[in-house]
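Worksheet: one structure, shown below.
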Amino acid sequence: MNSAAHPLTSAELREQYLAFFESKGCQRWPSSSLIPDDPSLLLTSAGMVQFKPWFLQLKQLEQPYIGAVSVQKCVRTTDIDIIGTDGRHLSFFEMLGSFSFGTYFKQEMCEWALEFSLEVLGFDLDRIYFTIFEDDDETLEIWKSIGIPAERIFKLGESDNFWRAGPTGPCGPCSELYYDMGEHIGCGSPDCAPGCDCDRFLEYWNCVYTQFDGQEDGSLVPLPKQNIDTGMGLERTIAILNGYESVFKTDILRSLISISEQLASQVYGSNERFDLSMRIIADHIRSCTFMIGDGVLPSNEGRGYVLRRLLRRAMRHGHLLGIQPPFLSQSVDRIVELMGDAYPEIEENHKLIERVVLAEEERFAQTLRLGQNYLEDRLASLSPGGQLDGKSAFELHDRYGFPIDLTVEIANEAGFDVDRTGFEIHMAEQRRRARSAIKEDAWGSVGGVFTELAAKLGSTQFVGYDLYQSPAVVLAIVIEKDGAAALVNEITDGQAAQVILDTTPFYAEMGGQVGDTGTLSLATTNSAFLVSDTQAFDHLTTHIGSIDGVLRVGDEVVASIDIRRRMRIERNHTGTHLLHHALRQVLGDHVKQAGSLVAPNRLRFDFTHFEQPTPAQLESVEALANELIMADGEVTARTTSLDAARDAGVIALFGEKYTEQVRVLSAGDESHELCGGTHVRHTAQIGLIKIVSEGSVGATLRRIEAVTSYDALEFVKREEQQLHAAAALLKTRPAGLSERIEALQQQLHDLEVASKTERRQALLSVADELMAARLPNTAFTIVVTRFDGLDAEEMRSLWDRLRETLSQDPEYTKAAALIVGGVTKAGSPLLIAAATDAAVEQGFDANLVIKQIAPAIQGGGGGKPTMAQAGGKDRDGLDTALAHARQLLSS
């Protein structure tokens, strides 16, 4: 154990763990992205996620390594409401993991776990407790054989100590290591033991022994190779090492809490309500920093929704602390400072992370105002001392990001209660939906025909960087049968299938580039398999299409891609790289590619940016991209290590996942990106690039669509045709079109001004009509009348005309009102009420009058006592509305 004089840091523990397992023969691996390769998983939530191909025996470790070791960044959010309320749960955590793929097993793992705990970490053996699966006598005997007393080994049931990938498939018992934090932290129960929900026994290491294949009948068949999957929580282990009862006292989290202390002028530990908010902010902003660094952006679904929810929870708790937004960027800076060396992606994307967080803070400030308006409206509809219903409180939480405590606080200040029970019912239902939708099982989906083929056949050799055609052998044919994929040996005329070859020039859809099309021709017959798409499954390439003739497994074919189509794709792909470079030059280094489509006829490029680019900026982007094309730079590719590429400043695409060896694509002297796609040989082969549209696809995302080569020429041709057609209609030359349109616009403006002047003059003659519509026997002048064919502005001008007329009457007392209705020029009914201040002082209220008479036209509206109006749907109700006004005001 470490003394308080020198608490062990997270960086030190990371290195100790990695070095220990390296010394045992394991290969050190970097953390994988939080965006997993498995589409069935929302986020990476365990260290073993990146090793699934090795567990499935689809890949093998390099010799002479016997296993793998890593420190994996993880995010779990199914229990988000617990975070901060105890000293254990976090949304972001680092998982220290060691893995065996059929090499070492239980004996070695138990020995090494005890050795690391005692000799490296310095734990007190008398405070370490062990749990095992109730039927796993093998592990029980191993622990006892290396000196663990039987009374400190606890047997637990399947729900606690048996891991399954799913109802069937890989599974096995677990053994967990707990550290006794002391009776003073526990629940006080005499039955308190490892597995209790209190904080006394803190689980710090879980060893999963994947040794069985679960069958549908519930039986367990031993796997041919037995695996080890272990996970040690870095934050929990640091807490134990330094004698902390909470992970929030560990170096990184405590440093983040200190920022909230400064901003809120509060001392952590002096107020539990404020402490909770500080813990939540520290945890959530760390999750958000890493999620954005790996390519997740705020949205209303999937990973983006998780990110937005975490950000907004952090902002809300800043609000509860009295911190004025924006404030989260300081925490982002601290996280990069403390963790950037271990995770270079957050250092590389530092500016972008700050911009995304700032944009979301500004967006949420507006949402918070809307939520306050919603709450005020709901409270205004309640009787004095009433209760806000649980559904409305949940709506505030779910749609506007209002924590229930803030809703209760505002409601109580206004003299109302909140139905917290109803709120909790809606919250529980939301949690149920979230748990069913968010899959955090690290294995996701396994098995199937393609998994088996990948294990059996190995990688498809891709020769398409250099060749458009190559000989190949059919290794497998897959068809759809009864809704599932099935292997067959032969397909005949018209039958759809997926064909796997040993070698292929066909590029499988990846990195935004669409898959190739073409033919697989048999050399000995006239049969041909027509390829309509090419996809990838792990390292297998599947050619999707249908057969004209007969195709069998083992046939020799000539694989030929559609060359013209591929060349158009290559122009668009290299054009995308040049466009990316130009955007970064014009808009700034925060611009990152966040998605793309490279098709034969167009390219689509999504990028991070926080405002609409100006027309001048887009013009500069297009000009720079075309300048790079005209420079006719050579396009080259080379393979290097990921670290070397990063050190050289090569652009890694935002959110993309890379292996240790990467392909660097250089287009001329300016553009250098990691890319596995196909490209032109020289930039001049692109010909021309033309931006056709730009728009928003999210709060922090923009999208450009562009065309190149023949499609760019076709776009320019269509634009020219439209220009000539417009010029012909306006009887001018294309060069004089702008001048002609400006002249026509001026003529139109002059006509509109003249028309309004004529209408105003016509309104001057309505004085007699207005005065004739005065109500008799009223305390002051009140006119109720109807005028059709006017717009709202002209109808209001009647009020000006009435006041002008009355001002010439020596008996005018300055108290007057007008209620006028009519069918507007647009064909809809409109009611307007207006009054002088003197009339209001005598009791007239234009707003009240409008609210009383507007229902007659199926409308609504309002305003102030001196001026109000209402539109409606029923023009036939105008006379009824005006009659109602006469009745009201006469009385």
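Identifiers in this document derive from the order of the structure tokens: chains are assigned A, B, ..., residues are numbered from 1 separately in each chain, and ligands are numbered from 1 in order of occurrence.
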- request: Taking the DSSP assignment computed from this structure's backbone, write out as an MDAnalysis selection string all residues of stretch 505-687 of chain A that belong to strand (DSSP E).
  value: chainID A and resid 518:522 528:537 540:548 550:552 556:561 593:598 603:608 635:641 661:667 671:674
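Going from atom CA of A:Leu90 to atom CA of A:Glu395 covers 25.7 Å.
Residue nearest A:Ala856 within the list A:Ala868, A:Ala667, A:Ala883, A:Leu674: A:Ala883 [criterion: smallest interatomic distance, only C-alpha atoms].
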task: Please report, as an MDAnalysis selection string, each residue of stretch 571-693 of chain A to which DSSP assigns alpha helix (DSSP H) when run on this structure's backbone.
output: chainID A and resid 571:587 615:630 642:647
Just-selected residues, C-alpha atoms written as an mmCIF file, in the first residue's frame:
data_model
loop_
_atom_site.group_PDB
_atom_site.id
_atom_site.type_symbol
_atom_site.label_atom_id
_atom_site.label_comp_id
_atom_site.auth_asym_id
_atom_site.auth_seq_id
_atom_site.Cartn_x
_atom_site.Cartn_y
_atom_site.Cartn_z
ATOM 1 C CA ARG A 571 -11.477 10.601 -58.901
ATOM 2 C CA ASN A 572 -14.123 11.314 -56.291
ATOM 3 C CA HIS A 573 -12.079 9.686 -53.525
ATOM 4 C CA THR A 574 -8.918 11.661 -54.184
ATOM 5 C CA GLY A 575 -11.113 14.730 -54.682
ATOM 6 C CA THR A 576 -12.519 14.145 -51.180
ATOM 7 C CA HIS A 577 -8.993 14.252 -49.744
ATOM 8 C CA LEU A 578 -8.227 17.521 -51.527
ATOM 9 C CA LEU A 579 -11.539 18.989 -50.383
ATOM 10 C CA HIS A 580 -10.716 17.994 -46.787
ATOM 11 C CA HIS A 581 -7.343 19.724 -47.015
ATOM 12 C CA ALA A 582 -8.900 22.848 -48.517
ATOM 13 C CA LEU A 583 -11.576 23.017 -45.800
ATOM 14 C CA ARG A 584 -8.922 22.838 -43.070
ATOM 15 C CA GLN A 585 -6.909 25.567 -44.768
ATOM 16 C CA VAL A 586 -9.891 27.909 -45.142
ATOM 17 C CA LEU A 587 -12.013 27.152 -42.049
ATOM 18 C CA PRO A 615 -20.219 31.901 -49.826
ATOM 19 C CA ALA A 616 -16.761 33.475 -50.031
ATOM 20 C CA GLN A 617 -15.271 30.706 -47.870
ATOM 21 C CA LEU A 618 -16.857 27.978 -49.990
ATOM 22 C CA GLU A 619 -15.564 29.704 -53.106
ATOM 23 C CA SER A 620 -12.066 29.689 -51.597
ATOM 24 C CA VAL A 621 -12.359 26.009 -50.675
ATOM 25 C CA GLU A 622 -13.375 25.066 -54.207
ATOM 26 C CA ALA A 623 -10.658 27.239 -55.754
ATOM 27 C CA LEU A 624 -7.942 25.740 -53.536
ATOM 28 C CA ALA A 625 -9.063 22.175 -54.261
ATOM 29 C CA ASN A 626 -8.970 22.863 -58.011
ATOM 30 C CA GLU A 627 -5.565 24.509 -57.660
ATOM 31 C CA LEU A 628 -4.258 21.267 -56.128
ATOM 32 C CA ILE A 629 -5.836 19.309 -58.993
ATOM 33 C CA MET A 630 -4.197 21.514 -61.628
ATOM 34 C CA LEU A 642 0.296 4.347 -36.589
ATOM 35 C CA ASP A 643 2.669 6.101 -34.176
ATOM 36 C CA ALA A 644 5.031 7.100 -36.994
ATOM 37 C CA ALA A 645 2.119 8.431 -39.057
ATOM 38 C CA ARG A 646 0.867 10.503 -36.115
ATOM 39 C CA ASP A 647 4.356 11.857 -35.461
#
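With only C-alpha atoms as the atoms that count, the residue of A:Val664, A:Val707, A:Ile257, A:Leu723 with the shortest distance to A:Asn601 is A:Val707.
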field: Non-local contacts of stretch 424-426 of chain A (8 Å; only C-alpha atoms; under 6 positions in same chain excluded) as a ChimeraX atom specification
entry: /A:390-391,394
Extract, using only C-alpha atoms, all DNA, RNA and protein residues at most 8 Å from stretch 555-562 of chain A, discarding same-chain residues fewer than 2 positions from it, and format them as a PDB file with C-alpha atoms, in the first residue's frame.
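Result saved to result_7.pdb:
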ATOM      1  CA  TYR A 468      -8.461  -4.248 -62.472  1.00  0.00           C
ATOM      2  CA  GLN A 469      -8.588  -7.942 -63.414  1.00  0.00           C
ATOM      3  CA  SER A 470      -7.124 -11.110 -61.919  1.00  0.00           C
ATOM      4  CA  PRO A 471      -7.553 -14.900 -61.936  1.00  0.00           C
ATOM      5  CA  ALA A 472      -9.206 -16.345 -58.841  1.00  0.00           C
ATOM      6  CA  VAL A 473     -10.672 -19.504 -57.352  1.00  0.00           C
ATOM      7  CA  VAL A 474     -14.171 -19.773 -55.866  1.00  0.00           C
ATOM      8  CA  THR A 504      -9.864 -10.319 -55.861  1.00  0.00           C
ATOM      9  CA  PRO A 505      -9.406  -6.917 -57.525  1.00  0.00           C
ATOM     10  CA  PHE A 506     -12.862  -5.910 -56.203  1.00  0.00           C
ATOM     11  CA  ASP A 516     -16.938  -2.372 -56.893  1.00  0.00           C
ATOM     12  CA  THR A 517     -19.166  -3.997 -59.492  1.00  0.00           C
ATOM     13  CA  GLY A 518     -18.173  -6.201 -62.413  1.00  0.00           C
ATOM     14  CA  THR A 519     -18.107  -9.883 -63.422  1.00  0.00           C
ATOM     15  CA  LEU A 520     -16.634 -13.226 -62.408  1.00  0.00           C
ATOM     16  CA  SER A 521     -16.197 -15.048 -65.723  1.00  0.00           C
ATOM     17  CA  LEU A 522     -15.530 -18.761 -66.070  1.00  0.00           C
ATOM     18  CA  ALA A 523     -12.672 -19.541 -68.395  1.00  0.00           C
ATOM     19  CA  LEU A 551     -20.987 -21.537 -60.767  1.00  0.00           C
ATOM     20  CA  ARG A 552     -19.445 -24.089 -58.398  1.00  0.00           C
ATOM     21  CA  VAL A 553     -17.076 -24.031 -55.447  1.00  0.00           C
ATOM     22  CA  ARG A 564     -14.885   3.082 -65.950  1.00  0.00           C
ATOM     23  CA  ARG A 565     -16.980   3.033 -62.757  1.00  0.00           C
ATOM     24  CA  ARG A 566     -13.888   2.427 -60.587  1.00  0.00           C
TER      25      ARG A 566
END
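Contact shell of A:Arg279 at 7 Å (only C-alpha atoms; same-chain neighbours under 4 positions omitted): Gly84, Phe248, Ile257, Asp275 and Asp283 of chain A.
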task: Please provide the set of residues having any atom within 8 Å of A:Ser100, restricted to only C-alpha atoms, with same-chain residues fewer than 5 positions apart removed, written as a PyMOL selection string.
output: chain A and resi 66-68+105+227-229
Go ahead and dump the residues you just picked, all heavy atoms, as a compact mmCIF listing (two decimals), in the first residue's frame.
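The file below, part-v5.txt, is the result:
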# COMPACT_ATOMS: atom_id res chain seq x y z
N ILE A 66 2.16 -15.17 -25.39
CA ILE A 66 1.20 -16.16 -24.89
C ILE A 66 -0.16 -15.53 -24.58
O ILE A 66 -1.10 -16.23 -24.22
CB ILE A 66 1.74 -16.86 -23.63
CG1 ILE A 66 1.88 -15.86 -22.47
CG2 ILE A 66 3.05 -17.57 -23.92
CD1 ILE A 66 2.12 -16.50 -21.13
N GLY A 67 -0.24 -14.21 -24.68
CA GLY A 67 -1.50 -13.53 -24.38
C GLY A 67 -1.38 -12.06 -24.72
O GLY A 67 -0.40 -11.61 -25.32
N ALA A 68 -2.39 -11.29 -24.33
CA ALA A 68 -2.41 -9.85 -24.59
C ALA A 68 -2.70 -9.10 -23.30
O ALA A 68 -3.35 -9.62 -22.40
CB ALA A 68 -3.47 -9.51 -25.64
N PHE A 105 -4.13 -20.62 -18.49
CA PHE A 105 -5.52 -20.71 -18.01
C PHE A 105 -5.59 -20.42 -16.50
O PHE A 105 -4.84 -19.61 -15.98
CB PHE A 105 -6.11 -22.07 -18.38
CG PHE A 105 -7.62 -22.11 -18.33
CD1 PHE A 105 -8.39 -21.12 -18.96
CD2 PHE A 105 -8.29 -23.13 -17.67
CE1 PHE A 105 -9.77 -21.15 -18.92
CE2 PHE A 105 -9.68 -23.18 -17.63
CZ PHE A 105 -10.42 -22.18 -18.25
N ASN A 227 -10.17 -19.94 -22.68
CA ASN A 227 -9.71 -18.56 -22.73
C ASN A 227 -9.75 -17.89 -21.36
O ASN A 227 -10.51 -18.29 -20.48
CB ASN A 227 -10.57 -17.75 -23.71
CG ASN A 227 -10.59 -18.34 -25.10
OD1 ASN A 227 -9.55 -18.76 -25.60
ND2 ASN A 227 -11.75 -18.40 -25.72
N ILE A 228 -8.97 -16.83 -21.25
CA ILE A 228 -8.97 -15.97 -20.05
C ILE A 228 -9.31 -14.56 -20.47
O ILE A 228 -8.76 -14.03 -21.43
CB ILE A 228 -7.58 -15.96 -19.37
CG1 ILE A 228 -7.27 -17.32 -18.74
CG2 ILE A 228 -7.50 -14.85 -18.33
CD1 ILE A 228 -8.01 -17.59 -17.46
N ASP A 229 -10.24 -13.94 -19.75
CA ASP A 229 -10.63 -12.54 -19.97
C ASP A 229 -10.71 -11.89 -18.59
O ASP A 229 -11.63 -12.18 -17.83
CB ASP A 229 -11.97 -12.49 -20.71
CG ASP A 229 -12.60 -11.09 -20.68
OD1 ASP A 229 -11.89 -10.11 -20.39
OD2 ASP A 229 -13.83 -11.01 -20.93
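Considering the residues A:Ser331, A:Pro298, A:Gly293, A:Ser270 and counting only C-alpha atoms, A:Glu347 has its shortest atom-to-atom contact with A:Gly293.
Proximity ranking of A:Thr451, A:Gly415, A:Ile185, A:Asp81 relative to A:Leu310 places A:Asp81 first, based on only C-alpha atoms.
Atom CA of A:Leu202 sits 8.4 Å away from atom CA of A:Leu177.
Nearest residue to A:Leu220 among A:Leu58, A:Cys171, A:Ala113, A:Leu370 is A:Cys171, counting only C-alpha atoms.
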